[in-house]
Amino acid sequence: MTLFFVGYMGSGKSVIGKKLAKILMYNYIDLDDYIELKEGTSIKNIFETKGEIYFRKIENRYLKELTKIKNTVVSLGGGTPCYGNNINLMLESENSLSIYLKATIPTLSDRLFEEKSKRPLIAHLKTKNELNEFIGKHIFERASFYEQSLITIKTDGLTVNEIVDKLILKLF
């Protein structure tokens with residue numbers, strides 16, 4: 001089985017995904033890292049030289065590849081489920097399970113504000129209010145895709161271990 005983590009940036013997809021993969025003795029793949037490896041260049045360079053439409057096409061192609069593998073946890077980019085038929089790829093694959101790590105806007109803002117310089121999408125935002133508005137707009141646009149996941153875990157106020165424990169209970 002392939003477990004796909006969806007959710008907004010800062011929701012914990014990578015941290016939770018890596019921890020769960022270790023416990024389950026699964027492989028762990030970050031979709032962006034996988035794309036960079038396959039394409040031989042950075043996501044930033046793909047966007048700059050070939051554009052977002054090209055990126056979304058290859059993102060879909062590599063996501064398709066990952067629905068066919070077993071015993072793997074995959075963390076997706078925050079926008080991945082929202083483009084093309086990506087959410088359907090995960091939902092319709094017999095070998096896949098999608099997990100939405102859901103956090104409120106204040107929680108996401110708290111997590112992201114201090115590290116925003118490392119996140120190109122939000123690096124330009126100066127205040128927490130601006131960040132809250134930005135996150136709120138995106139969550140509004142993306143929630144209908146995220147909510148289609150087969151499992152939803154609310155992460156507010158929980159530690160990594162508590163989230164992983166909740167997930168294991170839902171999976172088994």
# chains A, B, ... in the order shown; residues from 1 in each chain; ligands from 1
>>> closest_atom_pairs(of="segment 72-169 of chain A", to="segment 35-46 of chain A", cutoff="12 Å", atoms="only C-alpha atoms", output="CSV")
residue,atom,partner,partner_atom,distance
A:Leu76,CA,A:Ile35,CA,10.9
A:Gly77,CA,A:Ile35,CA,11.1
A:Arg119,CA,A:Lys44,CA,11.1
A:Pro120,CA,A:Lys44,CA,8.9
A:Leu121,CA,A:Lys44,CA,10.7
>>> write_last_selection(atoms="C-alpha atoms", output="JSON list (two decimals), in the first residue's frame")
[["chain", "number", "residue", "atom", "x", "y", "z"],
["A", 76, "LEU", "CA", 2.69, 15.56, -1.41],
["A", 77, "GLY", "CA", 3.03, 19.27, -2.05],
["A", 119, "ARG", "CA", 9.35, 28.72, 1.91],
["A", 120, "PRO", "CA", 9.37, 30.72, -1.34],
["A", 121, "LEU", "CA", 5.57, 30.87, -1.57]]
>>> select_by_dssp(residues="chain A", states="strand (DSSP E)", output="list of chain:residue names")
A:Thr2, A:Leu3, A:Phe4, A:Phe5, A:Val6, A:Asn27, A:Tyr28, A:Ile29, A:Asp30, A:Thr72, A:Val73, A:Val74, A:Ser75, A:Ser96, A:Leu97, A:Ser98, A:Ile99, A:Tyr100, A:Leu101, A:Lys102, A:Ile151, A:Thr152, A:Ile153, A:Lys154
>>> select_by_dssp(residues="chain A", states="alpha helix (DSSP H)", output="JSON, numbers by chain")
{"A": [13, 14, 15, 16, 17, 18, 19, 20, 21, 22, 23, 24, 31, 32, 33, 34, 35, 36, 37, 38, 39, 43, 44, 45, 46, 47, 48, 49, 50, 51, 52, 53, 54, 55, 56, 57, 58, 59, 60, 61, 62, 63, 64, 65, 66, 86, 87, 88, 89, 90, 91, 92, 105, 106, 107, 108, 109, 110, 111, 112, 113, 128, 129, 130, 131, 132, 133, 134, 135, 136, 137, 138, 139, 140, 141, 142, 143, 144, 145, 146, 160, 161, 162, 163, 164, 165, 166, 167, 168, 169, 170, 171]}
>>> closest_residue(among="A:Val73, A:Ile87, A:Met9, A:Ile99", to="Thr152 of chain A", atoms="only C-alpha atoms")
A:Ile99
>>> residues_around(residues="segment 90-94 of chain A", least_positions_apart="4", cutoff="10 Å", atoms="only C-alpha atoms", output="PyMOL selection string")
chain A and resi 1-4+63-64+66-68+81+85-86+98+148-150
>>> closest_atom_pairs(of="segment 3-61 of chain A", to="segment 160-163 of chain A", cutoff="10 Å", atoms="only C-alpha atoms", output="CSV")
residue,atom,partner,partner_atom,distance
A:Gly12,CA,A:Val160,CA,8.2
A:Val15,CA,A:Val160,CA,7.6
A:Ile16,CA,A:Val160,CA,6.3
A:Lys19,CA,A:Val160,CA,8.2
A:Leu20,CA,A:Asn161,CA,9.4
>>> write_last_selection(atoms="C-alpha atoms", output="short mmCIF file (atom, residue, chain, number, x, y, z; two decimals), in the first residue's frame")
data_model
loop_
_atom_site.label_atom_id
_atom_site.label_comp_id
_atom_site.auth_asym_id
_atom_site.auth_seq_id
_atom_site.Cartn_x
_atom_site.Cartn_y
_atom_site.Cartn_z
CA GLY A 12 3.33 18.09 9.21
CA VAL A 15 7.63 14.96 9.70
CA ILE A 16 4.63 12.67 10.28
CA LYS A 19 7.95 8.88 11.42
CA LEU A 20 5.08 6.68 10.25
#
>>> closest_residue(among="A:Lys70, A:Leu97, A:Lys126, A:Cys82", to="Arg56 of chain A", atoms="only C-alpha atoms")
A:Cys82
>>> closest_residue(among="A:Ile105, A:Ile58, A:Leu158, A:Ile29", to="Glu130 of chain A", atoms="only C-alpha atoms")
A:Ile105
>>> atom_distance(atom1="atom CA of Ser75 of chain A", atom2="atom CA of Ile168 of chain A")
16.7 Å
>>> residues_around(residues="His138 of chain A", least_positions_apart="4", cutoff="12 Å", atoms="only C-alpha atoms", output="list in words")
Gly7, Tyr8, Met9, Gly78, Gly79, Cys82, Ile105, Leu108, Leu121, Ile122, Leu131, Asn132, Glu133, Phe134, Arg142, Ala143, Ser144, Phe145 and Tyr146 of chain A
>>> atom_distance(atom1="atom CA of Ile53 of chain A", atom2="atom CA of Ala103 of chain A")
28.3 Å
